[in-house]
file my_file_24.pdb (PDB, C-alpha atoms and all ligand atoms)
ATOM      1  CA  MET A   1     -10.418  -3.662  -1.732
ATOM      2  CA  ALA A   2     -10.466  -3.657   2.060
ATOM      3  CA  SER A   3     -12.008  -0.528   3.587
ATOM      4  CA  GLY A   4      -9.640   0.565   6.377
ATOM      5  CA  LEU A   5      -5.996   1.524   6.629
ATOM      6  CA  ARG A   6      -4.154   2.717   9.728
ATOM      7  CA  ILE A   7      -1.215   4.938   8.892
ATOM      8  CA  ALA A   8       1.541   6.349  11.121
ATOM      9  CA  LEU A   9       3.459   9.581  10.524
ATOM     10  CA  LEU A  10       6.856   9.927  12.205
ATOM     11  CA  GLN A  11       7.582  13.587  12.833
ATOM     12  CA  LEU A  12      11.295  13.092  13.470
ATOM     13  CA  LEU A  13      13.952  15.514  14.608
ATOM     14  CA  ALA A  14      16.993  15.617  12.347
ATOM     15  CA  ARG A  15      19.777  14.830  14.816
ATOM     16  CA  GLU A  16      23.453  15.182  14.102
ATOM     17  CA  LYS A  17      24.178  11.470  13.748
ATOM     18  CA  THR A  18      22.178   9.460  11.238
ATOM     19  CA  ALA A  19      22.419   6.407  13.508
ATOM     20  CA  ASN A  20      20.558   8.298  16.261
ATOM     21  CA  ILE A  21      17.788   9.353  13.870
ATOM     22  CA  LEU A  22      17.415   5.786  12.624
ATOM     23  CA  GLN A  23      17.264   4.514  16.194
ATOM     24  CA  LYS A  24      14.331   6.865  16.877
ATOM     25  CA  ALA A  25      12.688   5.800  13.604
ATOM     26  CA  GLU A  26      13.047   2.163  14.672
ATOM     27  CA  GLN A  27      11.404   2.854  18.027
ATOM     28  CA  TYR A  28       8.461   4.676  16.411
ATOM     29  CA  ILE A  29       8.009   2.137  13.603
ATOM     30  CA  SER A  30       7.982  -0.739  16.032
ATOM     31  CA  GLU A  31       5.390   1.097  18.169
ATOM     32  CA  ALA A  32       3.313   1.867  15.059
ATOM     33  CA  ALA A  33       3.424  -1.756  13.909
ATOM     34  CA  ASN A  34       2.342  -2.958  17.375
ATOM     35  CA  ASN A  35      -0.559  -0.508  17.157
ATOM     36  CA  GLY A  36      -1.724  -1.917  13.829
ATOM     37  CA  ALA A  37      -0.319   0.605  11.342
ATOM     38  CA  LYS A  38       0.191  -0.838   7.866
ATOM     39  CA  LEU A  39       1.952   2.180   6.401
ATOM     40  CA  ALA A  40       4.628   4.340   8.040
ATOM     41  CA  ILE A  41       5.630   7.706   6.599
ATOM     42  CA  LEU A  42       8.837   9.593   7.399
ATOM     43  CA  PRO A  43       9.593  13.292   6.728
ATOM     44  CA  GLU A  44      11.390  15.168   3.974
ATOM     45  CA  LEU A  45      15.211  15.199   4.337
ATOM     46  CA  PHE A  46      14.885  13.577   7.724
ATOM     47  CA  THR A  47      18.525  12.582   8.080
ATOM     48  CA  THR A  48      20.089  15.865   7.063
ATOM     49  CA  GLU A  49      17.828  18.772   8.069
ATOM     50  CA  CYS A  50      17.212  21.347   5.320
ATOM     51  CA  HIS A  51      20.634  22.943   5.231
ATOM     52  CA  PRO A  52      23.073  22.626   2.308
ATOM     53  CA  PRO A  53      26.349  21.876   4.139
ATOM     54  CA  ILE A  54      24.576  19.039   5.932
ATOM     55  CA  PHE A  55      23.051  17.565   2.729
ATOM     56  CA  VAL A  56      26.464  17.527   1.137
ATOM     57  CA  GLN A  57      28.116  15.892   4.098
ATOM     58  CA  LYS A  58      25.425  13.245   4.647
ATOM     59  CA  LYS A  59      24.244  12.440   1.118
ATOM     60  CA  GLU A  60      23.631   8.753   0.461
ATOM     61  CA  SER A  61      22.938   6.263  -2.295
ATOM     62  CA  ILE A  62      19.512   4.667  -2.653
ATOM     63  CA  PRO A  63      18.934   1.762  -2.070
ATOM     64  CA  GLU A  64      22.520   0.886  -1.071
ATOM     65  CA  GLY A  65      22.945   3.625   1.565
ATOM     66  CA  GLU A  66      22.756   3.275   5.351
ATOM     67  CA  THR A  67      19.294   4.847   5.600
ATOM     68  CA  SER A  68      17.617   2.895   2.789
ATOM     69  CA  GLU A  69      19.079  -0.397   3.975
ATOM     70  CA  PHE A  70      17.867   0.197   7.504
ATOM     71  CA  ILE A  71      14.363   1.233   6.448
ATOM     72  CA  SER A  72      14.120  -1.761   4.142
ATOM     73  CA  HIS A  73      15.027  -4.001   7.093
ATOM     74  CA  LEU A  74      12.318  -2.355   9.245
ATOM     75  CA  ALA A  75       9.678  -2.748   6.509
ATOM     76  CA  LYS A  76      10.451  -6.470   6.318
ATOM     77  CA  LYS A  77      10.718  -6.965  10.073
ATOM     78  CA  HIS A  78       7.315  -5.347  10.697
ATOM     79  CA  SER A  79       5.729  -6.449   7.425
ATOM     80  CA  MET A  80       4.530  -2.983   6.473
ATOM     81  CA  HIS A  81       4.870  -0.433   3.698
ATOM     82  CA  ILE A  82       7.254   2.405   4.540
ATOM     83  CA  ILE A  83       7.648   5.675   2.656
ATOM     84  CA  ALA A  84      11.199   6.450   3.721
ATOM     85  CA  GLY A  85      10.824  10.216   3.878
ATOM     86  CA  SER A  86      13.314  11.770   1.553
ATOM     87  CA  ILE A  87      17.064  11.518   1.471
ATOM     88  CA  ALA A  88      19.725  13.721  -0.149
ATOM     89  CA  GLU A  89      20.555  11.178  -2.859
ATOM     90  CA  GLU A  90      24.035  11.130  -4.244
ATOM     91  CA  ILE A  91      24.400  11.465  -8.040
ATOM     92  CA  LYS A  92      27.607   9.731  -9.073
ATOM     93  CA  GLY A  93      29.995  12.133 -10.801
ATOM     94  CA  SER A  94      27.982  15.248  -9.910
ATOM     95  CA  GLU A  95      28.232  17.911  -7.234
ATOM     96  CA  LYS A  96      24.457  18.025  -7.124
ATOM     97  CA  MET A  97      22.078  15.633  -5.386
ATOM     98  CA  LYS A  98      18.439  14.595  -5.713
ATOM     99  CA  ASN A  99      15.792  15.006  -3.024
ATOM    100  CA  THR A 100      14.445  11.469  -3.289
ATOM    101  CA  SER A 101      11.953   9.308  -1.468
ATOM    102  CA  ALA A 102      12.163   5.520  -1.495
ATOM    103  CA  VAL A 103       9.186   3.256  -0.877
ATOM    104  CA  PHE A 104       9.568  -0.244   0.580
ATOM    105  CA  ASN A 105       6.952  -2.989   0.614
ATOM    106  CA  PRO A 106       6.273  -5.414   3.497
ATOM    107  CA  LYS A 107       8.967  -7.753   2.130
ATOM    108  CA  GLY A 108      11.516  -4.951   2.453
ATOM    109  CA  GLU A 109      11.779  -4.573  -1.325
ATOM    110  CA  LEU A 110      12.262  -1.160  -2.908
ATOM    111  CA  ILE A 111       9.118  -0.656  -4.991
ATOM    112  CA  GLY A 112       9.765   2.847  -6.221
ATOM    113  CA  LYS A 113      11.651   6.093  -5.927
ATOM    114  CA  TYR A 114      10.299   9.610  -6.282
ATOM    115  CA  THR A 115      12.469  12.690  -6.772
ATOM    116  CA  LYS A 116      10.997  16.092  -5.857
ATOM    117  CA  MET A 117       9.611  17.544  -9.071
ATOM    118  CA  HIS A 118       9.500  21.259  -8.227
ATOM    119  CA  SER A 119      12.392  23.260  -6.800
ATOM    120  CA  PHE A 120      11.838  25.592  -3.858
ATOM    121  CA  ASP A 121      13.613  28.592  -5.411
ATOM    122  CA  VAL A 122      12.218  31.588  -3.565
ATOM    123  CA  ASP A 123      13.216  35.016  -2.408
ATOM    124  CA  MET A 124      10.950  36.338   0.309
ATOM    125  CA  GLY A 125      13.292  39.002   1.704
ATOM    126  CA  GLU A 126      14.315  39.339   5.346
ATOM    127  CA  ASN A 127      17.090  36.772   4.898
ATOM    128  CA  PHE A 128      14.686  34.194   3.538
ATOM    129  CA  SER A 129      16.186  33.241   0.197
ATOM    130  CA  ILE A 130      16.351  29.593  -0.768
ATOM    131  CA  HIS A 131      17.539  28.265  -4.116
ATOM    132  CA  GLU A 132      17.134  24.549  -3.881
ATOM    133  CA  SER A 133      18.029  24.018  -7.520
ATOM    134  CA  ASP A 134      21.606  25.103  -6.717
ATOM    135  CA  TRP A 135      21.874  21.813  -4.807
ATOM    136  CA  PHE A 136      19.259  19.430  -6.123
ATOM    137  CA  GLU A 137      18.374  18.187  -9.609
ATOM    138  CA  HIS A 138      14.620  18.028  -9.880
ATOM    139  CA  GLY A 139      12.796  14.839 -10.839
ATOM    140  CA  ASN A 140      10.596  14.379 -13.885
ATOM    141  CA  ASN A 141       8.443  11.461 -12.792
ATOM    142  CA  THR A 142       5.600  10.591 -10.473
ATOM    143  CA  LEU A 143       5.300   7.602  -8.139
ATOM    144  CA  THR A 144       2.258   5.524  -7.326
ATOM    145  CA  PHE A 145       2.055   2.165  -5.590
ATOM    146  CA  GLU A 146      -0.651  -0.270  -4.556
ATOM    147  CA  THR A 147      -1.463  -1.548  -1.089
ATOM    148  CA  ASP A 148      -4.273  -3.966  -0.164
ATOM    149  CA  GLU A 149      -6.430  -1.001   0.857
ATOM    150  CA  CYS A 150      -5.780   1.629  -1.793
ATOM    151  CA  LYS A 151      -3.435   3.075  -4.353
ATOM    152  CA  ILE A 152      -1.094   5.811  -3.090
ATOM    153  CA  GLY A 153       0.677   8.724  -4.813
ATOM    154  CA  VAL A 154       3.775  10.475  -3.448
ATOM    155  CA  GLY A 155       4.957  14.097  -3.629
ATOM    156  CA  ILE A 156       7.523  16.193  -1.781
ATOM    157  CA  CYS A 157       6.911  19.542  -0.100
ATOM    158  CA  ILE A 158       6.476  22.299  -2.706
ATOM    159  CA  ASP A 159       4.841  19.703  -5.024
ATOM    160  CA  LEU A 160       1.832  20.223  -2.751
ATOM    161  CA  ARG A 161       1.362  23.684  -4.267
ATOM    162  CA  PHE A 162       0.660  22.225  -7.720
ATOM    163  CA  PRO A 163      -2.841  20.816  -8.131
ATOM    164  CA  GLU A 164      -1.710  19.278 -11.429
ATOM    165  CA  VAL A 165       0.296  16.608  -9.574
ATOM    166  CA  SER A 166      -2.546  15.657  -7.279
ATOM    167  CA  ARG A 167      -5.016  15.717 -10.163
ATOM    168  CA  TYR A 168      -2.821  13.178 -11.974
ATOM    169  CA  TYR A 169      -2.686  10.955  -8.897
ATOM    170  CA  THR A 170      -6.457  11.099  -8.623
ATOM    171  CA  GLU A 171      -6.840  10.194 -12.284
ATOM    172  CA  GLN A 172      -4.573   7.211 -11.583
ATOM    173  CA  GLY A 173      -6.955   6.102  -8.830
ATOM    174  CA  CYS A 174      -4.863   7.105  -5.794
ATOM    175  CA  LEU A 175      -7.117   7.505  -2.766
ATOM    176  CA  LEU A 176      -4.291   8.589  -0.479
ATOM    177  CA  HIS A 177      -1.874  11.346  -1.493
ATOM    178  CA  VAL A 178       1.257  11.499   0.644
ATOM    179  CA  TYR A 179       3.527  14.529   0.898
ATOM    180  CA  LEU A 180       6.840  14.647   2.717
ATOM    181  CA  GLY A 181       7.277  18.286   3.515
ATOM    182  CA  ALA A 182       9.332  20.808   5.415
ATOM    183  CA  PHE A 183       7.474  24.085   5.138
ATOM    184  CA  SER A 184       9.148  26.827   7.159
ATOM    185  CA  GLN A 185       8.107  27.853  10.613
ATOM    186  CA  GLU A 186       9.105  31.410   9.828
ATOM    187  CA  LYS A 187       7.122  31.990   6.644
ATOM    188  CA  THR A 188       5.077  29.458   4.727
ATOM    189  CA  GLY A 189       4.138  26.873   7.345
ATOM    190  CA  PRO A 190       1.692  28.912   9.432
ATOM    191  CA  ALA A 191       0.263  30.650   6.356
ATOM    192  CA  HIS A 192      -0.121  27.831   3.836
ATOM    193  CA  TRP A 193       0.447  24.294   5.153
ATOM    194  CA  ASP A 194      -3.003  23.396   6.494
ATOM    195  CA  VAL A 195      -4.790  25.325   3.744
ATOM    196  CA  LEU A 196      -2.949  23.508   0.960
ATOM    197  CA  LEU A 197      -3.392  20.081   2.554
ATOM    198  CA  ARG A 198      -7.104  20.707   2.951
ATOM    199  CA  ALA A 199      -7.411  22.111  -0.578
ATOM    200  CA  ARG A 200      -5.748  19.057  -2.142
ATOM    201  CA  ALA A 201      -7.998  16.753  -0.104
ATOM    202  CA  ILE A 202     -11.167  18.644  -1.032
ATOM    203  CA  ASP A 203     -10.465  19.124  -4.711
ATOM    204  CA  ASN A 204      -9.618  15.453  -5.170
ATOM    205  CA  GLN A 205     -11.912  13.945  -2.506
ATOM    206  CA  VAL A 206      -9.026  11.885  -1.187
ATOM    207  CA  TYR A 207      -7.104  11.391   2.041
ATOM    208  CA  VAL A 208      -3.974  13.548   2.255
ATOM    209  CA  ALA A 209      -1.138  12.754   4.669
ATOM    210  CA  ALA A 210       1.802  15.107   5.089
ATOM    211  CA  CYS A 211       4.851  14.359   7.207
ATOM    212  CA  SER A 212       7.262  17.115   8.282
ATOM    213  CA  PRO A 213      10.439  17.040  10.330
ATOM    214  CA  ALA A 214       9.954  18.342  13.886
ATOM    215  CA  ALA A 215      10.694  22.025  14.494
ATOM    216  CA  ASP A 216      14.141  22.542  15.981
ATOM    217  CA  HIS A 217      15.112  26.143  16.785
ATOM    218  CA  THR A 218      18.797  25.258  16.805
ATOM    219  CA  HIS A 219      18.562  24.416  13.083
ATOM    220  CA  HIS A 220      19.436  26.879  10.373
ATOM    221  CA  TYR A 221      16.063  26.270   8.684
ATOM    222  CA  VAL A 222      13.285  25.601  11.166
ATOM    223  CA  ALA A 223      10.667  23.222   9.783
ATOM    224  CA  TRP A 224       7.042  23.886  10.645
ATOM    225  CA  GLY A 225       6.213  20.400  11.902
ATOM    226  CA  HIS A 226       2.409  20.076  12.158
ATOM    227  CA  SER A 227       2.357  16.798  10.234
ATOM    228  CA  ALA A 228      -1.262  16.082   9.446
ATOM    229  CA  VAL A 229      -3.827  13.798   7.877
ATOM    230  CA  VAL A 230      -6.867  15.291   6.157
ATOM    231  CA  ASP A 231      -9.972  13.348   5.172
ATOM    232  CA  PRO A 232     -11.797  13.576   1.785
ATOM    233  CA  TRP A 233     -14.211  16.154   3.236
ATOM    234  CA  GLY A 234     -11.260  18.418   4.068
ATOM    235  CA  LYS A 235     -11.284  17.834   7.808
ATOM    236  CA  ILE A 236      -7.957  17.491   9.631
ATOM    237  CA  ILE A 237      -8.350  14.164  11.445
ATOM    238  CA  SER A 238      -4.914  13.982  13.037
ATOM    239  CA  GLN A 239      -2.230  16.608  13.587
ATOM    240  CA  ALA A 240       1.036  17.088  15.452
ATOM    241  CA  ASP A 241       2.354  20.329  16.898
ATOM    242  CA  GLY A 242       6.017  21.239  16.352
ATOM    243  CA  LYS A 243       7.587  18.592  18.577
ATOM    244  CA  GLU A 244       9.026  15.193  17.714
ATOM    245  CA  THR A 245       6.132  12.753  17.817
ATOM    246  CA  LEU A 246       4.300   9.858  16.207
ATOM    247  CA  ILE A 247       0.733  10.398  15.009
ATOM    248  CA  TYR A 248      -1.831   8.014  13.552
ATOM    249  CA  ALA A 249      -4.912   8.141  11.388
ATOM    250  CA  ASP A 250      -7.464   5.531  10.359
ATOM    251  CA  LEU A 251      -8.459   5.929   6.732
ATOM    252  CA  ASP A 252     -11.922   4.679   5.840
ATOM    253  CA  MET A 253     -12.462   4.073   2.135
ATOM    254  CA  ASN A 254     -16.210   3.556   2.644
ATOM    255  CA  TYR A 255     -16.360   7.094   3.994
ATOM    256  CA  LEU A 256     -14.348   8.341   1.002
ATOM    257  CA  ASN A 257     -16.828   6.665  -1.359
ATOM    258  CA  ARG A 258     -19.773   8.229   0.489
ATOM    259  CA  VAL A 259     -18.258  11.705   0.125
ATOM    260  CA  ARG A 260     -17.800  11.079  -3.597
ATOM    261  CA  GLN A 261     -21.376   9.831  -3.988
ATOM    262  CA  GLN A 262     -22.924  12.737  -2.108
ATOM    263  CA  LEU A 263     -20.884  15.420  -3.847
ATOM    264  CA  PRO A 264     -20.036  13.838  -7.220
ATOM    265  CA  VAL A 265     -17.501  16.347  -8.565
ATOM    266  CA  GLU A 266     -16.119  13.738 -10.943
ATOM    267  CA  LYS A 267     -19.511  13.436 -12.665
ATOM    268  CA  ILE A 268     -20.022  17.193 -12.683
ATOM    269  CA  ARG A 269     -16.548  17.923 -14.115
ATOM    270  CA  ARG A 270     -16.751  19.333 -17.679
ATOM    271  CA  LYS A 271     -14.305  16.952 -19.344
ATOM    272  CA  ASP A 272     -15.725  18.032 -22.687
ATOM    273  CA  LEU A 273     -14.339  21.541 -22.034
ATOM    274  CA  TYR A 274     -10.955  20.974 -20.404
ATOM    275  CA  HIS A 275      -8.324  18.399 -19.500
ATOM    276  CA  LEU A 276      -4.686  18.276 -18.400
ATOM    277  CA  THR A 277      -1.915  16.695 -20.423
ATOM    278  CA  TYR A 278       1.048  15.223 -18.607
ATOM    279  CA  LYS A 279       4.513  14.832 -20.073
ATOM    280  CA  TRP A 280       6.142  12.580 -17.512
TER     281      TRP A 280
HETATM  282  N1  LIG B   1      10.460  23.480   1.315
HETATM  283  C1  LIG B   1       9.672  23.337   0.252
HETATM  284  O1  LIG B   1       9.951  22.608  -0.648
HETATM  285  C2  LIG B   1       8.420  24.072   0.094
HETATM  286  C3  LIG B   1       7.984  25.037   1.066
HETATM  287  O2  LIG B   1       8.518  25.179   2.155
HETATM  288  C4  LIG B   1       6.832  25.832   0.657
HETATM  289  O3  LIG B   1       6.420  26.657   1.439
HETATM  290  O4  LIG B   1       6.340  25.630  -0.458
END
call {"tool": "encode", "arguments": {"input": "my_file_24.pdb", "output": "structure tokens"}}
result
Amino acid sequence: MASGLRIALLQLLAREKTANILQKAEQYISEAANNGAKLAILPELFTTECHPPIFVQKKESIPEGETSEFISHLAKKHSMHIIAGSIAEEIKGSEKMKNTSAVFNPKGELIGKYTKMHSFDVDMGENFSIHESDWFEHGNNTLTFETDECKIGVGICIDLRFPEVSRYYTEQGCLLHVYLGAFSQEKTGPAHWDVLLRARAIDNQVYVAACSPAADHTHHYVAWGHSAVVDPWGKIISQADGKETLIYADLDMNYLNRVRQQLPVEKIRRKDLYHLTYKW
């Protein structure tokens, strides 16, 4: 396994027209490829913003839809892996959709899909009630894929709150955990986003990358932004603010191994006393 991987996170603004969002994604991906990134990550629901009437209007098929086809073309053109954020995926014959991410390899081939496993069904008062399961069917599976540098596991937004998912990815050997997330600027972003990203990195001794849409105050739901990459020691090594931007991080697997040697939680873990069982 090679030791370094440059990744790029595209903190995109969900514009009205999908074509305009894809044009911005193309500009950033081309810049990232020229700067040596081998993996590009896009945000949760990046073509629709997090608002039900817009999901319904702009839902797409995967991989036949406009967004997947375009991202596949970019992956091939720039010979890189791309985690295509998530898309409101049409379910034929159903009113509901799936919040699904598609991953493309450097040949532009779809190598996996991941549908958000946990639903953000919350009631926090003060007009902050969201019942995602009214719109989206949840997924029941995980997604991992291999690159030359490391194995990667994918989750979406609220999945970050469940250490069980990241524990599974670690047991599968994933050294980078990627979350596509749109925490809210109003409530959970400032309170929980950085803490959860750092917690998942520390408890698994892995790199964690999380890509949010940019914050747009004209949107019904304002995403927190603050896309970030955290190293296996729990340090934030790259972070955006709320604006549309492209950020990078260089992941060093030798460093990850050193952290694991110096603080060998895997050896110390009492596997004779406890374990998780997974049903996916
Ligand atoms: N939007 C989500 O899925 C999760 C979220 O915002 C959170 O705070 O959790």
call {"tool": "resolve_selection", "arguments": {"input": "my_file_24.pdb", "expression": "the PyMOL selection byres (((not hetatm)) within 6 of (chain B and resi 1))", "output": "PDB file with C-alpha atoms, keeping the file's coordinate frame"}}
result
ATOM      1  CA  PHE A 120      11.838  25.592  -3.858  1.00  0.00           C
ATOM      2  CA  CYS A 157       6.911  19.542  -0.100  1.00  0.00           C
ATOM      3  CA  ILE A 158       6.476  22.299  -2.706  1.00  0.00           C
ATOM      4  CA  ALA A 182       9.332  20.808   5.415  1.00  0.00           C
ATOM      5  CA  PHE A 183       7.474  24.085   5.138  1.00  0.00           C
ATOM      6  CA  SER A 184       9.148  26.827   7.159  1.00  0.00           C
ATOM      7  CA  THR A 188       5.077  29.458   4.727  1.00  0.00           C
TER       8      THR A 188
END
call {"tool": "closest_atom_pairs", "arguments": {"input": "my_file_24.pdb", "of": "region 100-166 of chain A", "to": "region 46-67 of chain A", "cutoff": "10 Å", "atoms": "all atoms listed in the file", "output": "tab-separated table"}}
result
residue	atom	partner	partner_atom	distance
A:Thr100	CA	A:Ile62	CA	8.5
A:Ser101	CA	A:Ile62	CA	8.9
A:Ala102	CA	A:Ile62	CA	7.5
A:Val103	CA	A:Pro63	CA	9.9
A:Phe104	CA	A:Pro63	CA	9.9
A:Glu109	CA	A:Pro63	CA	9.6
A:Leu110	CA	A:Pro63	CA	7.3
A:Lys113	CA	A:Ile62	CA	8.6
A:Ile130	CA	A:His51	CA	9.9
A:Glu132	CA	A:Pro52	CA	8.8
A:Asp134	CA	A:Pro52	CA	9.5
A:Trp135	CA	A:Pro52	CA	7.3
A:Phe136	CA	A:Pro52	CA	9.8
call {"tool": "resolve_selection", "arguments": {"input": "my_file_24.pdb", "expression": "the PyMOL selection byres (((chain A and resi 7-24) around 9) and not hetatm)", "output": "CSV table (one decimal) with C-alpha atoms, keeping the file's coordinate frame"}}
result
chain,number,residue,atom,x,y,z
A,5,LEU,CA,-6.0,1.5,6.6
A,6,ARG,CA,-4.2,2.7,9.7
A,25,ALA,CA,12.7,5.8,13.6
A,26,GLU,CA,13.0,2.2,14.7
A,27,GLN,CA,11.4,2.9,18.0
A,28,TYR,CA,8.5,4.7,16.4
A,29,ILE,CA,8.0,2.1,13.6
A,32,ALA,CA,3.3,1.9,15.1
A,33,ALA,CA,3.4,-1.8,13.9
A,36,GLY,CA,-1.7,-1.9,13.8
A,37,ALA,CA,-0.3,0.6,11.3
A,38,LYS,CA,0.2,-0.8,7.9
A,39,LEU,CA,2.0,2.2,6.4
A,40,ALA,CA,4.6,4.3,8.0
A,41,ILE,CA,5.6,7.7,6.6
A,42,LEU,CA,8.8,9.6,7.4
A,43,PRO,CA,9.6,13.3,6.7
A,45,LEU,CA,15.2,15.2,4.3
A,46,PHE,CA,14.9,13.6,7.7
A,47,THR,CA,18.5,12.6,8.1
A,48,THR,CA,20.1,15.9,7.1
A,49,GLU,CA,17.8,18.8,8.1
A,58,LYS,CA,25.4,13.2,4.6
A,66,GLU,CA,22.8,3.3,5.4
A,67,THR,CA,19.3,4.8,5.6
A,70,PHE,CA,17.9,0.2,7.5
A,71,ILE,CA,14.4,1.2,6.4
A,209,ALA,CA,-1.1,12.8,4.7
A,210,ALA,CA,1.8,15.1,5.1
A,211,CYS,CA,4.9,14.4,7.2
A,212,SER,CA,7.3,17.1,8.3
A,213,PRO,CA,10.4,17.0,10.3
A,214,ALA,CA,10.0,18.3,13.9
A,215,ALA,CA,10.7,22.0,14.5
A,216,ASP,CA,14.1,22.5,16.0
A,219,HIS,CA,18.6,24.4,13.1
A,225,GLY,CA,6.2,20.4,11.9
A,226,HIS,CA,2.4,20.1,12.2
A,227,SER,CA,2.4,16.8,10.2
A,228,ALA,CA,-1.3,16.1,9.4
A,229,VAL,CA,-3.8,13.8,7.9
A,240,ALA,CA,1.0,17.1,15.5
A,242,GLY,CA,6.0,21.2,16.4
A,243,LYS,CA,7.6,18.6,18.6
A,244,GLU,CA,9.0,15.2,17.7
A,245,THR,CA,6.1,12.8,17.8
A,246,LEU,CA,4.3,9.9,16.2
A,247,ILE,CA,0.7,10.4,15.0
A,248,TYR,CA,-1.8,8.0,13.6
A,249,ALA,CA,-4.9,8.1,11.4
A,250,ASP,CA,-7.5,5.5,10.4
A,251,LEU,CA,-8.5,5.9,6.7
call {"tool": "atom_distance", "arguments": {"input": "my_file_24.pdb", "atom1": "CA of Lys187 (chain A)", "atom2": "CA of Ser119 (chain A)"}}
result
16.9 Å
call {"tool": "residues_near_point", "arguments": {"input": "my_file_24.pdb", "point": "(11.0, 12.0, -6.0)", "cutoff": "9 Å", "atoms": "only C-alpha atoms", "output": "list in words"}}
result
Ser86, Lys98, Asn99, Thr100, Ser101, Ala102, Lys113, Tyr114, Thr115, Lys116, Met117, His138, Gly139, Asn140, Asn141, Thr142, Leu143, Val154, Gly155 and Ile156 of chain A
call {"tool": "atom_distance", "arguments": {"input": "my_file_24.pdb", "atom1": "CA of Ile237 (chain A)", "atom2": "CA of Val165 (chain A)"}}
result
22.9 Å
call {"tool": "atom_distance", "arguments": {"input": "my_file_24.pdb", "atom1": "CA of Cys150 (chain A)", "atom2": "CA of Cys174 (chain A)"}}
result
6.8 Å
call {"tool": "closest_residue", "arguments": {"input": "my_file_24.pdb", "among": "A:Gly181, A:Pro190, A:Pro232, A:Gly173", "to": "Leu160 (chain A)", "atoms": "only C-alpha atoms"}}
result
A:Gly181
call {"tool": "closest_residue", "arguments": {"input": "my_file_24.pdb", "among": "A:Lys107, A:Arg269, A:His217, A:His81", "to": "Glu186 (chain A)", "atoms": "only C-alpha atoms"}}
result
A:His217
